[in-house]
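So this one's target_7.csv, CSV, N, CA and C atoms:
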chain,number,residue,atom,x,y,z
A,30,MET,N,14.9,15.1,6.1
A,30,MET,CA,14.1,14.1,6.6
A,30,MET,C,14.7,13.6,7.9
A,31,THR,N,13.8,13.5,8.9
A,31,THR,CA,14.3,13.1,10.2
A,31,THR,C,14.7,11.6,10.2
A,32,ARG,N,15.5,11.2,11.2
A,32,ARG,CA,16.0,9.8,11.3
A,32,ARG,C,14.8,8.9,11.4
A,33,GLN,N,13.8,9.3,12.2
A,33,GLN,CA,12.6,8.4,12.4
A,33,GLN,C,11.9,8.2,11.0
A,34,ARG,N,11.7,9.3,10.3
A,34,ARG,CA,10.9,9.3,9.1
A,34,ARG,C,11.7,8.5,8.0
A,35,GLN,N,13.0,8.6,8.0
A,35,GLN,CA,13.9,7.9,7.1
A,35,GLN,C,13.8,6.4,7.4
A,36,LEU,N,13.8,6.0,8.6
A,36,LEU,CA,13.6,4.6,9.0
A,36,LEU,C,12.3,4.0,8.6
A,37,ILE,N,11.2,4.8,8.8
A,37,ILE,CA,9.9,4.3,8.4
A,37,ILE,C,9.8,4.2,6.9
A,38,TYR,N,10.3,5.2,6.2
A,38,TYR,CA,10.3,5.1,4.7
A,38,TYR,C,11.1,3.9,4.2
A,39,SER,N,12.2,3.7,4.8
A,39,SER,CA,13.1,2.6,4.3
A,39,SER,C,12.4,1.2,4.6
A,40,ILE,N,11.6,1.1,5.7
A,40,ILE,CA,10.9,-0.1,6.0
A,40,ILE,C,9.8,-0.4,4.9
A,41,ILE,N,9.2,0.7,4.5
A,41,ILE,CA,8.1,0.6,3.4
A,41,ILE,C,8.8,0.2,2.1
A,42,THR,N,9.9,0.9,1.7
A,42,THR,CA,10.4,0.7,0.4
A,42,THR,C,11.3,-0.5,0.3
A,43,ALA,N,11.7,-1.1,1.4
A,43,ALA,CA,12.7,-2.2,1.3
A,43,ALA,C,12.1,-3.5,0.9
A,44,ALA,N,10.8,-3.7,1.1
A,44,ALA,CA,10.2,-5.0,0.8
A,44,ALA,C,8.9,-4.8,0.0
A,45,PRO,N,8.6,-5.8,-0.8
A,45,PRO,CA,7.4,-5.7,-1.6
A,45,PRO,C,6.0,-5.8,-0.9
A,46,GLU,N,6.1,-6.3,0.4
A,46,GLU,CA,4.9,-6.4,1.2
A,46,GLU,C,4.2,-5.0,1.4
A,47,HIS,N,2.9,-5.0,1.5
A,47,HIS,CA,2.1,-3.8,1.9
A,47,HIS,C,1.8,-3.9,3.4
A,48,ARG,N,2.6,-3.3,4.2
A,48,ARG,CA,2.5,-3.4,5.6
A,48,ARG,C,1.5,-2.5,6.3
A,49,THR,N,1.0,-2.9,7.4
A,49,THR,CA,0.1,-2.0,8.2
A,49,THR,C,1.0,-1.1,9.0
A,50,ALA,N,0.4,0.0,9.6
A,50,ALA,CA,1.1,0.9,10.4
A,50,ALA,C,1.7,0.2,11.6
A,51,GLU,N,0.9,-0.8,12.2
A,51,GLU,CA,1.4,-1.5,13.4
A,51,GLU,C,2.6,-2.4,13.0
A,52,GLU,N,2.6,-3.0,11.8
A,52,GLU,CA,3.7,-3.8,11.4
A,52,GLU,C,5.0,-2.9,11.2
A,53,ILE,N,4.7,-1.7,10.6
A,53,ILE,CA,5.8,-0.8,10.4
A,53,ILE,C,6.4,-0.3,11.8
A,54,TYR,N,5.5,-0.1,12.7
A,54,TYR,CA,5.9,0.4,14.0
A,54,TYR,C,6.8,-0.7,14.7
A,55,GLU,N,6.3,-2.0,14.6
A,55,GLU,CA,7.1,-3.0,15.3
A,55,GLU,C,8.5,-3.2,14.7
A,56,LEU,N,8.6,-3.1,13.4
A,56,LEU,CA,9.9,-3.2,12.7
A,56,LEU,C,10.8,-2.0,13.0
A,57,ALA,N,10.2,-0.8,13.0
A,57,ALA,CA,11.0,0.4,13.3
A,57,ALA,C,11.4,0.4,14.8
A,58,HIS,N,10.5,-0.1,15.7
A,58,HIS,CA,10.8,-0.1,17.1
A,58,HIS,C,12.0,-1.0,17.4
A,59,ARG,N,12.2,-2.1,16.7
A,59,ARG,CA,13.4,-2.9,16.8
A,59,ARG,C,14.7,-2.2,16.6
A,60,ASP,N,14.7,-1.3,15.6
A,60,ASP,CA,15.9,-0.6,15.3
A,60,ASP,C,16.1,0.7,16.1
A,61,MET,N,14.9,1.2,16.6
A,61,MET,CA,14.9,2.5,17.3
A,61,MET,C,14.0,2.3,18.5
A,62,PRO,N,14.4,1.7,19.6
A,62,PRO,CA,13.5,1.4,20.7
A,62,PRO,C,12.8,2.6,21.3
A,63,SER,N,13.4,3.8,21.2
A,63,SER,CA,12.7,4.9,21.8
A,63,SER,C,11.6,5.5,20.9
A,64,LEU,N,11.4,4.9,19.7
A,64,LEU,CA,10.4,5.4,18.8
A,64,LEU,C,9.0,5.1,19.3
A,65,ALA,N,8.2,6.1,19.4
A,65,ALA,CA,6.8,6.0,19.9
A,65,ALA,C,5.8,5.7,18.7
A,66,ARG,N,4.8,4.9,19.1
A,66,ARG,CA,3.8,4.5,18.1
A,66,ARG,C,3.2,5.8,17.4
A,67,GLY,N,2.9,6.8,18.1
A,67,GLY,CA,2.3,8.0,17.6
A,67,GLY,C,3.2,8.7,16.5
A,68,THR,N,4.6,8.6,16.8
A,68,THR,CA,5.5,9.1,15.8
A,68,THR,C,5.4,8.4,14.5
A,69,VAL,N,5.3,7.1,14.5
A,69,VAL,CA,5.1,6.3,13.3
A,69,VAL,C,3.9,6.7,12.6
A,70,TYR,N,2.8,6.8,13.2
A,70,TYR,CA,1.5,7.2,12.6
A,70,TYR,C,1.6,8.6,12.0
A,71,ARG,N,2.2,9.5,12.7
A,71,ARG,CA,2.3,10.9,12.3
A,71,ARG,C,3.2,10.9,11.0
A,72,ASN,N,4.3,10.2,11.1
A,72,ASN,CA,5.2,10.2,9.9
A,72,ASN,C,4.6,9.5,8.7
A,73,LEU,N,3.8,8.5,8.9
A,73,LEU,CA,3.2,7.8,7.8
A,73,LEU,C,2.2,8.8,7.1
A,74,GLY,N,1.5,9.6,7.9
A,74,GLY,CA,0.7,10.7,7.3
A,74,GLY,C,1.4,11.7,6.5
A,75,ILE,N,2.6,12.1,7.1
A,75,ILE,CA,3.4,13.1,6.4
A,75,ILE,C,4.0,12.5,5.1
A,76,LEU,N,4.5,11.3,5.1
A,76,LEU,CA,5.0,10.6,3.9
A,76,LEU,C,3.9,10.5,2.8
A,77,GLU,N,2.7,10.1,3.3
A,77,GLU,CA,1.6,10.0,2.3
A,77,GLU,C,1.2,11.4,1.8
A,78,GLN,N,1.1,12.4,2.6
A,78,GLN,CA,0.8,13.7,2.2
A,78,GLN,C,1.8,14.3,1.2
A,79,GLU,N,3.1,14.0,1.4
A,79,GLU,CA,4.1,14.4,0.5
A,79,GLU,C,4.2,13.6,-0.8
A,80,GLY,N,3.4,12.6,-0.9
A,80,GLY,CA,3.4,11.7,-2.1
A,80,GLY,C,4.5,10.7,-2.2
A,81,GLN,N,5.2,10.4,-1.1
A,81,GLN,CA,6.3,9.5,-1.1
A,81,GLN,C,5.8,8.0,-1.0
A,82,ILE,N,4.7,7.8,-0.4
A,82,ILE,CA,4.1,6.5,-0.3
A,82,ILE,C,2.6,6.6,-0.6
A,83,ARG,N,1.9,5.5,-0.7
A,83,ARG,CA,0.5,5.5,-0.9
A,83,ARG,C,-0.2,4.7,0.3
A,84,LYS,N,-1.3,5.2,0.7
A,84,LYS,CA,-2.1,4.5,1.7
A,84,LYS,C,-3.2,3.7,1.0
A,85,LEU,N,-3.3,2.4,1.3
A,85,LEU,CA,-4.3,1.6,0.8
A,85,LEU,C,-5.4,1.3,1.8
A,86,GLU,N,-6.5,1.9,1.6
A,86,GLU,CA,-7.6,1.7,2.6
A,86,GLU,C,-8.2,0.3,2.3
A,87,MET,N,-8.4,-0.5,3.4
A,87,MET,CA,-8.9,-1.9,3.2
A,87,MET,C,-10.2,-2.0,4.0
A,88,PRO,N,-11.3,-2.4,3.3
A,88,PRO,CA,-12.5,-2.5,4.0
A,88,PRO,C,-12.4,-3.6,5.1
A,89,GLY,N,-12.8,-3.3,6.3
A,89,GLY,CA,-12.8,-4.2,7.4
A,89,GLY,C,-11.4,-4.6,7.9
A,90,ALA,N,-10.4,-3.9,7.5
A,90,ALA,CA,-9.0,-4.3,7.9
A,90,ALA,C,-8.2,-3.0,8.0
A,91,PRO,N,-7.1,-3.1,8.7
A,91,PRO,CA,-6.2,-1.9,8.8
A,91,PRO,C,-5.7,-1.5,7.4
A,92,ALA,N,-5.5,-0.2,7.3
A,92,ALA,CA,-4.9,0.4,6.0
A,92,ALA,C,-3.5,-0.2,5.9
A,93,ARG,N,-3.0,-0.3,4.6
A,93,ARG,CA,-1.7,-0.7,4.3
A,93,ARG,C,-1.0,0.4,3.6
A,94,TYR,N,0.4,0.3,3.6
A,94,TYR,CA,1.2,1.3,2.9
A,94,TYR,C,2.0,0.7,1.8
A,95,ASP,N,2.0,1.4,0.7
A,95,ASP,CA,2.6,0.9,-0.5
A,95,ASP,C,3.8,1.8,-1.0
A,96,ARG,N,4.9,1.2,-1.3
A,96,ARG,CA,6.0,2.0,-1.8
A,96,ARG,C,5.8,2.5,-3.2
A,97,GLU,N,5.0,1.9,-4.0
A,97,GLU,CA,4.7,2.4,-5.3
A,97,GLU,C,3.7,3.5,-5.3
A,98,ARG,N,4.1,4.7,-5.7
A,98,ARG,CA,3.2,5.8,-5.6
A,98,ARG,C,2.2,6.0,-6.7
A,99,LEU,N,2.5,5.5,-7.9
A,99,LEU,CA,1.6,5.6,-9.0
A,99,LEU,C,0.4,4.6,-8.8
A,100,PRO,N,-0.8,5.0,-9.3
A,100,PRO,CA,-1.9,4.1,-9.2
A,100,PRO,C,-1.6,2.8,-9.9
A,101,HIS,N,-2.0,1.7,-9.3
A,101,HIS,CA,-1.9,0.3,-10.0
A,101,HIS,C,-2.8,-0.6,-9.2
A,102,PRO,N,-3.2,-1.7,-9.9
A,102,PRO,CA,-4.1,-2.6,-9.3
A,102,PRO,C,-3.5,-3.5,-8.2
A,103,HIS,N,-4.3,-4.0,-7.3
A,103,HIS,CA,-3.8,-4.9,-6.3
A,103,HIS,C,-4.7,-6.2,-6.3
A,104,LEU,N,-4.0,-7.3,-6.1
A,104,LEU,CA,-4.7,-8.6,-5.8
A,104,LEU,C,-4.7,-8.8,-4.3
A,105,ILE,N,-5.9,-9.1,-3.8
A,105,ILE,CA,-6.0,-9.3,-2.4
A,105,ILE,C,-6.7,-10.7,-2.1
A,106,CYS,N,-6.0,-11.5,-1.3
A,106,CYS,CA,-6.5,-12.8,-1.0
A,106,CYS,C,-7.6,-12.7,0.0
A,107,GLN,N,-8.8,-13.3,-0.2
A,107,GLN,CA,-9.9,-13.2,0.7
A,107,GLN,C,-9.7,-14.1,1.9
A,108,ARG,N,-8.8,-15.0,1.9
A,108,ARG,CA,-8.6,-15.8,3.1
A,108,ARG,C,-7.5,-15.3,4.0
A,109,CYS,N,-6.3,-15.0,3.5
A,109,CYS,CA,-5.2,-14.6,4.3
A,109,CYS,C,-4.9,-13.1,4.3
A,110,GLY,N,-5.5,-12.4,3.4
A,110,GLY,CA,-5.4,-11.0,3.3
A,110,GLY,C,-4.1,-10.5,2.6
A,111,ARG,N,-3.3,-11.4,2.1
A,111,ARG,CA,-2.1,-11.0,1.4
A,111,ARG,C,-2.4,-10.1,0.2
A,112,ILE,N,-1.7,-9.0,0.1
A,112,ILE,CA,-1.8,-8.1,-1.0
A,112,ILE,C,-0.6,-8.1,-1.9
A,113,GLN,N,-0.9,-8.1,-3.2
A,113,GLN,CA,0.3,-8.1,-4.1
A,113,GLN,C,-0.1,-7.2,-5.3
A,114,ASP,N,0.9,-6.5,-5.9
A,114,ASP,CA,0.7,-5.7,-7.0
A,114,ASP,C,0.3,-6.6,-8.2
A,115,ALA,N,-0.6,-6.0,-9.1
A,115,ALA,CA,-1.1,-6.8,-10.2
A,115,ALA,C,-0.8,-6.0,-11.5
A,116,ALA,N,-0.5,-6.7,-12.6
A,116,ALA,CA,-0.3,-6.0,-13.8
A,116,ALA,C,-1.6,-5.8,-14.5
A,117,MET,N,-1.7,-4.7,-15.3
A,117,MET,CA,-2.9,-4.4,-16.0
A,117,MET,C,-2.5,-4.0,-17.5
A,118,PRO,N,-3.3,-4.4,-18.4
A,118,PRO,CA,-3.0,-4.0,-19.8
A,118,PRO,C,-3.0,-2.5,-19.9
A,119,PRO,N,-2.0,-1.8,-20.5
A,119,PRO,CA,-1.9,-0.4,-20.4
A,119,PRO,C,-3.0,0.4,-21.1
A,120,THR,N,-3.7,-0.3,-22.0
A,120,THR,CA,-4.8,0.4,-22.7
A,120,THR,C,-6.2,0.3,-22.0
A,121,LEU,N,-6.3,-0.5,-21.0
A,121,LEU,CA,-7.6,-0.8,-20.3
A,121,LEU,C,-8.2,0.5,-19.8
A,122,LEU,N,-7.5,1.3,-19.1
A,122,LEU,CA,-8.1,2.6,-18.6
A,122,LEU,C,-8.5,3.5,-19.7
A,123,GLU,N,-7.7,3.6,-20.7
A,123,GLU,CA,-8.0,4.5,-21.9
A,123,GLU,C,-9.3,4.0,-22.5
A,124,GLU,N,-9.5,2.7,-22.7
A,124,GLU,CA,-10.7,2.1,-23.3
A,124,GLU,C,-11.9,2.4,-22.4
A,125,LEU,N,-11.7,2.2,-21.1
A,125,LEU,CA,-12.8,2.5,-20.2
A,125,LEU,C,-13.2,3.9,-20.2
A,126,ALA,N,-12.3,4.8,-20.1
A,126,ALA,CA,-12.6,6.2,-20.2
A,126,ALA,C,-13.3,6.6,-21.5
A,127,ARG,N,-12.8,6.1,-22.6
A,127,ARG,CA,-13.5,6.4,-23.9
A,127,ARG,C,-14.9,5.9,-23.9
A,128,GLU,N,-15.1,4.6,-23.5
A,128,GLU,CA,-16.5,4.1,-23.5
A,128,GLU,C,-17.4,4.8,-22.6
A,129,GLN,N,-16.9,5.3,-21.5
A,129,GLN,CA,-17.8,6.0,-20.5
A,129,GLN,C,-17.9,7.5,-20.8
A,130,GLY,N,-17.0,8.0,-21.7
A,130,GLY,CA,-17.0,9.4,-22.1
A,130,GLY,C,-16.5,10.3,-21.0
A,131,VAL,N,-15.5,9.9,-20.2
A,131,VAL,CA,-15.0,10.6,-19.1
A,131,VAL,C,-13.5,10.8,-19.2
A,132,THR,N,-12.9,11.6,-18.4
A,132,THR,CA,-11.5,11.8,-18.3
A,132,THR,C,-11.2,11.2,-16.9
A,133,LEU,N,-10.4,10.2,-16.8
A,133,LEU,CA,-10.0,9.6,-15.5
A,133,LEU,C,-8.9,10.4,-14.9
A,134,THR,N,-9.0,10.7,-13.6
A,134,THR,CA,-8.0,11.4,-12.9
A,134,THR,C,-7.3,10.5,-11.9
A,135,GLY,N,-7.7,9.3,-11.7
A,135,GLY,CA,-7.0,8.4,-10.8
A,135,GLY,C,-7.9,7.1,-10.6
A,136,TYR,N,-7.4,6.2,-9.9
A,136,TYR,CA,-8.1,5.0,-9.6
A,136,TYR,C,-7.5,4.2,-8.5
A,137,ASP,N,-8.3,3.3,-7.9
A,137,ASP,CA,-7.9,2.4,-6.9
A,137,ASP,C,-8.6,1.1,-7.1
A,138,LEU,N,-7.9,0.2,-7.8
A,138,LEU,CA,-8.5,-1.1,-8.2
A,138,LEU,C,-8.0,-2.2,-7.3
A,139,LYS,N,-8.9,-2.9,-6.7
A,139,LYS,CA,-8.6,-4.0,-5.8
A,139,LYS,C,-9.4,-5.2,-6.4
A,140,LEU,N,-8.6,-6.3,-6.7
A,140,LEU,CA,-9.2,-7.5,-7.2
A,140,LEU,C,-9.0,-8.6,-6.1
A,141,TYR,N,-10.1,-9.2,-5.8
A,141,TYR,CA,-10.1,-10.2,-4.7
A,141,TYR,C,-10.0,-11.6,-5.3
A,142,HIS,N,-9.3,-12.5,-4.7
A,142,HIS,CA,-9.1,-13.9,-5.1
A,142,HIS,C,-8.7,-14.7,-3.9
A,143,ILE,N,-8.5,-16.0,-4.2
A,143,ILE,CA,-7.9,-16.9,-3.2
A,143,ILE,C,-6.5,-17.2,-3.7
A,144,CYS,N,-5.5,-16.9,-3.0
A,144,CYS,CA,-4.1,-17.1,-3.4
A,144,CYS,C,-3.8,-18.6,-3.4
A,145,PRO,N,-2.7,-19.0,-4.2
A,145,PRO,CA,-2.3,-20.4,-4.2
A,145,PRO,C,-2.0,-21.0,-2.9
A,146,ALA,N,-1.4,-20.2,-2.0
A,146,ALA,CA,-1.0,-20.7,-0.7
A,146,ALA,C,-2.3,-21.0,0.1
A,147,CYS,N,-3.4,-20.4,-0.2
A,147,CYS,CA,-4.7,-20.7,0.6
A,147,CYS,C,-5.5,-21.7,-0.2
A,148,GLY,N,-5.0,-22.3,-1.3
A,148,GLY,CA,-5.8,-23.3,-2.0
A,148,GLY,C,-6.5,-22.8,-3.2
A,149,GLY,N,-6.2,-21.6,-3.7
A,149,GLY,CA,-6.7,-21.1,-4.9
A,149,GLY,C,-5.8,-21.4,-6.1
A,150,THR,N,-6.2,-21.1,-7.2
A,150,THR,CA,-5.4,-21.4,-8.4
A,150,THR,C,-4.9,-20.1,-9.0
Let me see the structure of the file written as structure tokens.
Amino acid sequence: MTRQRQLIYSIITAAPEHRTAEEIYELAHRDMPSLARGTVYRNLGILEQEGQIRKLEMPGAPARYDRERLPHPHLICQRCGRIQDAAMPPTLLEELAREQGVTLTGYDLKLYHICPACGGT
């Protein structure tokens, strides 16, 4: 793994936040001033393609990158845009698949709310 890719990967895996490519670029650029924006975007694509990170597509907002590779639900604040991982009962997907008569191969579950910092409960 190149030094640039290792730096980008470590930024994603070091914190629980789900950062945008631009946020990752700004943090990486502080440590490696010669790093180009295109290099960050290219390496994010490679890391995603290799299955080392997940890309979270966000409607009307920049994509975010997740250190957790396995599918899991996310809570998204509708006011500030903060994204956090959410817990889900382990049998929920099995029950859904059984009721629908299908075999699930993956999922992308986004739950919207107003976070406590924005006045939600």
Checklist entry - Tell me, which residues of chain A carry DSSP helix (DSSP H, G or I), written as a PyMOL selection string? => result chain A and resi 32-43+50-60+66-78+121-129+145-147
Checklist entry - atom C of Tyr70 in chain A and atom C of Ser39 in chain A are how many Å apart? => result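 A separation of 15.0 Å between them.
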Next on the checklist: Counting only C-alpha atoms, which residue out of A:Cys109, A:Ile53, A:Leu125, A:Cys147 sits closest to Asp95 in chain A?
Outcome noted: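 So, comparing all the options, the nearest one is A:Ile53.
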Next on the checklist: Can you tell me, as a PyMOL selection string, which residues in chain A count as strand (DSSP E) by DSSP?
Outcome noted: chain A and resi 48-49+83-87+90-95+103-106+112-114+139-142
Next on the checklist: Can you measure CA of Tyr38 in chain A to atom C of Asn72 in chain A for me? One decimal in Å is fine.
Outcome noted: 8.2 Å
Next on the checklist: Please determine, counting only N, CA and C atoms, which residue among A:Arg71, A:His142, A:Arg32, A:Arg93 has the shortest atom-to-atom distance to Ile105 in chain A.
Outcome noted: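 Residue with the minimum atom-to-atom distance to Ile105 in chain A: A:His142.
Going from CA of Gln113 in chain A over to CA of Lys139 in chain A, you cover 9.9 Å.
Here the selection is built from only N, CA and C atoms, and the residues within 8 Å of (-3.1, -7.4, -2.4) turn out to be His47, Pro102, His103, Leu104, Ile105, Cys106, Gly110, Arg111, Ile112, Gln113, Asp114, Ala115, Lys139, Leu140 and Tyr141 of chain A.
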Next on the checklist: Nearest residue to Leu64 in chain A out of A:Gln129, A:Gln33, A:Thr150, A:Thr134, using all atoms listed in the file?
Outcome noted: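 Smallest separation from Leu64 in chain A among the options: A:Gln33.
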Checklist entry - At most 6.5 Å from (5.6, 1.7, -3.4), file frame, all atoms listed in the file: which residues, as an NGL selection string? => result :A and (42 or 82-83 or 94-98)
Checklist entry - Which polymer residues have any atom within 12 Å of an atom of Gly135 in chain A, counting only C-alpha atoms, with same-chain residues fewer than 4 positions away left out, as a PyMOL selection string? => result chain A and resi 98-102+122-123+126+131
Can you write out the residues you just picked, keeping N, CA and C atoms, as a PDB file, in the coordinates of the input?
ATOM      1  N   ARG A  98       4.100   4.700  -5.700  1.00  0.00           N
ATOM      2  CA  ARG A  98       3.200   5.800  -5.600  1.00  0.00           C
ATOM      3  C   ARG A  98       2.200   6.000  -6.700  1.00  0.00           C
ATOM      4  N   LEU A  99       2.500   5.500  -7.900  1.00  0.00           N
ATOM      5  CA  LEU A  99       1.600   5.600  -9.000  1.00  0.00           C
ATOM      6  C   LEU A  99       0.400   4.600  -8.800  1.00  0.00           C
ATOM      7  N   PRO A 100      -0.800   5.000  -9.300  1.00  0.00           N
ATOM      8  CA  PRO A 100      -1.900   4.100  -9.200  1.00  0.00           C
ATOM      9  C   PRO A 100      -1.600   2.800  -9.900  1.00  0.00           C
ATOM     10  N   HIS A 101      -2.000   1.700  -9.300  1.00  0.00           N
ATOM     11  CA  HIS A 101      -1.900   0.300 -10.000  1.00  0.00           C
ATOM     12  C   HIS A 101      -2.800  -0.600  -9.200  1.00  0.00           C
ATOM     13  N   PRO A 102      -3.200  -1.700  -9.900  1.00  0.00           N
ATOM     14  CA  PRO A 102      -4.100  -2.600  -9.300  1.00  0.00           C
ATOM     15  C   PRO A 102      -3.500  -3.500  -8.200  1.00  0.00           C
ATOM     16  N   LEU A 122      -7.500   1.300 -19.100  1.00  0.00           N
ATOM     17  CA  LEU A 122      -8.100   2.600 -18.600  1.00  0.00           C
ATOM     18  C   LEU A 122      -8.500   3.500 -19.700  1.00  0.00           C
ATOM     19  N   GLU A 123      -7.700   3.600 -20.700  1.00  0.00           N
ATOM     20  CA  GLU A 123      -8.000   4.500 -21.900  1.00  0.00           C
ATOM     21  C   GLU A 123      -9.300   4.000 -22.500  1.00  0.00           C
ATOM     22  N   ALA A 126     -12.300   4.800 -20.100  1.00  0.00           N
ATOM     23  CA  ALA A 126     -12.600   6.200 -20.200  1.00  0.00           C
ATOM     24  C   ALA A 126     -13.300   6.600 -21.500  1.00  0.00           C
ATOM     25  N   VAL A 131     -15.500   9.900 -20.200  1.00  0.00           N
ATOM     26  CA  VAL A 131     -15.000  10.600 -19.100  1.00  0.00           C
ATOM     27  C   VAL A 131     -13.500  10.800 -19.200  1.00  0.00           C
TER      28      VAL A 131
END
Kindly write N, CA and C atoms of range 103-117 of chain A from the structure just given to a file, as a CSV table (one decimal), in the first residue's frame.
chain,number,residue,atom,x,y,z
A,103,HIS,N,-27.5,3.3,9.5
A,103,HIS,CA,-27.0,4.6,9.9
A,103,HIS,C,-28.1,5.5,10.4
A,104,LEU,N,-27.9,6.3,11.4
A,104,LEU,CA,-28.8,7.4,11.8
A,104,LEU,C,-28.2,8.6,11.2
A,105,ILE,N,-29.1,9.4,10.6
A,105,ILE,CA,-28.6,10.7,9.9
A,105,ILE,C,-29.5,11.8,10.4
A,106,CYS,N,-28.9,12.8,11.0
A,106,CYS,CA,-29.6,14.0,11.5
A,106,CYS,C,-30.1,14.8,10.3
A,107,GLN,N,-31.3,15.1,10.2
A,107,GLN,CA,-31.9,15.9,9.1
A,107,GLN,C,-31.5,17.4,9.2
A,108,ARG,N,-31.0,17.8,10.3
A,108,ARG,CA,-30.6,19.2,10.5
A,108,ARG,C,-29.1,19.5,10.2
A,109,CYS,N,-28.3,18.7,11.0
A,109,CYS,CA,-26.9,19.0,10.9
A,109,CYS,C,-26.1,18.0,9.9
A,110,GLY,N,-26.8,16.9,9.6
A,110,GLY,CA,-26.2,15.9,8.6
A,110,GLY,C,-25.3,14.9,9.3
A,111,ARG,N,-25.2,15.0,10.6
A,111,ARG,CA,-24.3,14.0,11.4
A,111,ARG,C,-24.8,12.6,11.1
A,112,ILE,N,-23.8,11.7,10.9
A,112,ILE,CA,-24.1,10.3,10.6
A,112,ILE,C,-23.5,9.5,11.7
A,113,GLN,N,-24.3,8.6,12.2
A,113,GLN,CA,-23.7,7.7,13.2
A,113,GLN,C,-24.2,6.2,13.0
A,114,ASP,N,-23.4,5.3,13.3
A,114,ASP,CA,-23.8,3.9,13.2
A,114,ASP,C,-25.0,3.6,14.2
A,115,ALA,N,-25.9,2.7,13.7
A,115,ALA,CA,-27.0,2.3,14.6
A,115,ALA,C,-27.0,0.8,14.8
A,116,ALA,N,-27.5,0.4,15.9
A,116,ALA,CA,-27.6,-1.0,16.2
A,116,ALA,C,-29.0,-1.5,15.6
A,117,MET,N,-29.0,-2.8,15.3
A,117,MET,CA,-30.2,-3.3,14.7
A,117,MET,C,-30.4,-4.7,15.3
